[in-house]
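See structure below.
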Amino acid sequence: MQMPPGNPLLLSLTLQELLARDAVQVELIPEKKGLFLKHVEYEVSSQRFGSCVYRRYNDFVVFHETLLQKFPYRMVPALPPKRMLGADREFIEARRRALKRFINLVARHPPFSEDVVLKLFLSFSGPDVQNKLKESAQCVGDEFMNCKLAARAKDFLPADIQTQFAISRELIRNIYNSFHKLRDRAERMVSRAIDNAADLLIFGKELSALGSDTTPLPSWATLNSSTWGSLKQALKGLSVEFALLADKAAQQGRQEENDVVEKLNLFLDLLQSYKGLCERHEKGVLHKHQRALHKYSLMKRQMTSAAAQNREPECVEQLESRIVEQENVIQTMELRNHFSLYCLHQETQLVHVYLPLTSHILGAFVSSQIQGHKEMSKVWNDLQPKLQCLFAGPHGAPSPPRSPQDGLSPH
């Protein structure tokens with residue numbers, strides 16, 4: 001962790017520093033046929049380690065479990081769901097994107113990025129990475145047992161840590177809800193761009209089909225045969241421009257999916273992992289601490305009862321020994337509770353370090369809209385002169401199209 005010399009609780013990281021820690025790519029490689037089922041493999045390449053390894057989904061699962069085991073008080077992002085029977089390409093691509101977000105959040109996380117388990121996952125090219133990951137976590141203990149500051153975590157916590165925790169949790173819950181809505185709207189805009197691309201392509205093809213129609217004109221329409229022939233000739237060539245428009249619309253949709261939707265999903269994954277950490281803190285450390293205190297209270301009552309009933313010394317000594325043992329358990333649980341709050345405080349700061357990602361997302365969205373509209377406008381403008389022959393006047397001279405307002409004139 002990069003921390004100022006004063007209080008180790010405080011982080012001194014910027015978003016740029018976080019993003020510069022590593023950039024990990026996750027790409028699909030062709031499916032291999034197993035004995036009964038196909039399985040998907042991923043090519044995982046790390047810029048930091050200069051490595052390129054092959055991983056399966058189950059390798060990610062073991063890596064995820066190892067992180068939770070070693071760092072129970074940190075934000076460990078969730079994995080996408082396991083492949084179901086009949087999973088299609090859309091599901092597989094969505095899972096690839098989710099795995100890429102997961103590994104980049106982990107690779108940039110301060111404690112994770114310095115741990116041997118990350119380097120092992122990103123650079124070990126041996127045949128059994130899962131066993132290597134499990135071996136690396138054996139007999140090591142979690143972060144509490146290995147952190148030199150764990151026993152003194154309480155000394156660095158502010159007096160109102162519980163109040164701050166509650167306020168931060170509520171704030172991040174509100175941020176999550178807003179970003180969730182933003183992501184949903186961004187996905188809808190991308191979907192509309194893709195649909196618009198498909199519609200433009202079909203529109204152009206239909207114009208081309210109309211221009212290629214070879215059905216002969218009836219005799220009573222032969223007076224307009226030259227006009228219809230000119231129109232067909234013009235319509236036939238329009239499919240090229242509409243195909244180009246469709247391509248521009250599709251490009252804009254793909255760009256916004258990569259630069260806007262994916263970044264929103266990345267931040268949502270981080271916020272979701274923070275919510276999960278808060279739940280682990282309350283249901284794990286606090287709950288165990290309360291149970292330990294309850295058990296200690298029962299032992300004390302048993303001790304008082306035994307002394308009042310003048311039981312045998314051996315029985316009393318056993319109770320005293322159990323009480324001392326339980327006091328040690330409670331002391332350890334209190335230390336863990338304080339260390340959990342210490343980590344929560346740092347993880348809250350880490351979420352706020354990621355908040356400027358909002359400006360990156362907005363910048364990418366605005367740039368994509370400007371560039372997309374600029375490129376499509378150019379194609380529309382290039383298309384307009386080619387339509388002049390469609391508006392021939394009664395004597396064959398070109399007549400420009402009338403604006404919509406012309407049809408509304410009272411004259």
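Going through the structure tokens in order, the chains are called A, B, and so on, while each chain numbers its residues from 1 and the ligands are numbered from 1 in the order shown.
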**OP:** For region 180-192 of chain A, list every protein, DNA or RNA residue within 12 Å, evaluated using only C-alpha atoms, and leave out those in the same chain fewer than 2 positions away; present the list as JSON, numbers by chain.
**Re:** {"A": [172, 173, 174, 175, 176, 177, 178, 194, 195, 196, 197, 198, 199, 200, 249, 250, 251, 252, 253, 254, 255, 256, 257, 258, 259, 260, 261, 262, 263, 264, 265, 266, 267, 268, 269, 271, 272, 358, 361, 362, 364, 365, 368, 369]}
Would you put the residues from that selection into a file with C-alpha atoms, as a PDB file, in the first residue's frame?
ATOM      1  CA  ILE A 172     -22.140   4.284  -1.761  1.00  0.00           C
ATOM      2  CA  ARG A 173     -25.534   2.559  -1.876  1.00  0.00           C
ATOM      3  CA  ASN A 174     -27.003   5.714  -3.462  1.00  0.00           C
ATOM      4  CA  ILE A 175     -24.099   5.972  -5.911  1.00  0.00           C
ATOM      5  CA  TYR A 176     -24.590   2.338  -6.870  1.00  0.00           C
ATOM      6  CA  ASN A 177     -28.302   2.861  -7.558  1.00  0.00           C
ATOM      7  CA  SER A 178     -27.601   5.896  -9.759  1.00  0.00           C
ATOM      8  CA  ILE A 194     -27.185  -1.494 -33.265  1.00  0.00           C
ATOM      9  CA  ASP A 195     -30.868  -1.698 -34.224  1.00  0.00           C
ATOM     10  CA  ASN A 196     -30.552   1.544 -36.208  1.00  0.00           C
ATOM     11  CA  ALA A 197     -27.596   0.063 -38.085  1.00  0.00           C
ATOM     12  CA  ALA A 198     -29.628  -3.030 -38.979  1.00  0.00           C
ATOM     13  CA  ASP A 199     -32.599  -0.904 -40.085  1.00  0.00           C
ATOM     14  CA  LEU A 200     -30.431   1.317 -42.294  1.00  0.00           C
ATOM     15  CA  ALA A 249     -24.029   3.436 -36.664  1.00  0.00           C
ATOM     16  CA  ALA A 250     -22.754  -0.031 -35.698  1.00  0.00           C
ATOM     17  CA  GLN A 251     -19.259   1.371 -35.067  1.00  0.00           C
ATOM     18  CA  GLN A 252     -20.688   3.996 -32.735  1.00  0.00           C
ATOM     19  CA  GLY A 253     -22.685   1.340 -30.881  1.00  0.00           C
ATOM     20  CA  ARG A 254     -19.632  -0.902 -30.422  1.00  0.00           C
ATOM     21  CA  GLN A 255     -17.469   1.997 -29.316  1.00  0.00           C
ATOM     22  CA  GLU A 256     -19.984   3.091 -26.684  1.00  0.00           C
ATOM     23  CA  GLU A 257     -20.348  -0.490 -25.502  1.00  0.00           C
ATOM     24  CA  ASN A 258     -16.583  -0.709 -24.929  1.00  0.00           C
ATOM     25  CA  ASP A 259     -15.882   2.814 -23.660  1.00  0.00           C
ATOM     26  CA  VAL A 260     -19.095   3.636 -21.794  1.00  0.00           C
ATOM     27  CA  VAL A 261     -21.064   0.525 -20.834  1.00  0.00           C
ATOM     28  CA  GLU A 262     -17.987  -1.520 -19.896  1.00  0.00           C
ATOM     29  CA  LYS A 263     -16.565   1.251 -17.701  1.00  0.00           C
ATOM     30  CA  LEU A 264     -19.935   1.659 -16.002  1.00  0.00           C
ATOM     31  CA  ASN A 265     -20.004  -2.100 -15.423  1.00  0.00           C
ATOM     32  CA  LEU A 266     -16.461  -1.981 -14.030  1.00  0.00           C
ATOM     33  CA  PHE A 267     -17.453   0.638 -11.467  1.00  0.00           C
ATOM     34  CA  LEU A 268     -20.652  -1.240 -10.632  1.00  0.00           C
ATOM     35  CA  ASP A 269     -18.618  -4.420 -10.050  1.00  0.00           C
ATOM     36  CA  LEU A 271     -19.444  -1.013  -5.787  1.00  0.00           C
ATOM     37  CA  GLN A 272     -21.090  -4.446  -5.606  1.00  0.00           C
ATOM     38  CA  THR A 358     -17.225   9.200 -14.060  1.00  0.00           C
ATOM     39  CA  ILE A 361     -17.095   7.748 -18.971  1.00  0.00           C
ATOM     40  CA  LEU A 362     -18.817  11.042 -19.797  1.00  0.00           C
ATOM     41  CA  ALA A 364     -15.972   8.862 -23.893  1.00  0.00           C
ATOM     42  CA  PHE A 365     -19.733   9.161 -24.360  1.00  0.00           C
ATOM     43  CA  SER A 368     -18.435   9.013 -29.368  1.00  0.00           C
ATOM     44  CA  GLN A 369     -21.614  11.000 -30.018  1.00  0.00           C
TER      45      GLN A 369
END
Original post:
For Leu133 (chain A), which residue out of A:Ala78, A:Val61, A:Ala243, A:Leu277 is the nearest one, using only C-alpha atoms?
Top reply: A:Val61
Original post:
Nearest to Thr14 (chain A) among A:Pro81, A:Gly363, A:Pro110, A:Pro385, with distances taken over only C-alpha atoms: which residue is it?
Top reply: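 When distances to Thr14 (chain A) are compared using only C-alpha atoms, the smallest one comes from A:Pro110.
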**OP:** Based on DSSP run over this structure's backbone, return all residues of region 11-78 of chain A in alpha helix (DSSP H), as a VMD selection string.
**Re:** chain A and resid 15 to 19 57 to 70
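Across A:Glu282, A:Glu17, A:Glu93, A:Glu135, the tightest approach to Val40 (chain A) is made by A:Glu93 when counting only C-alpha atoms.
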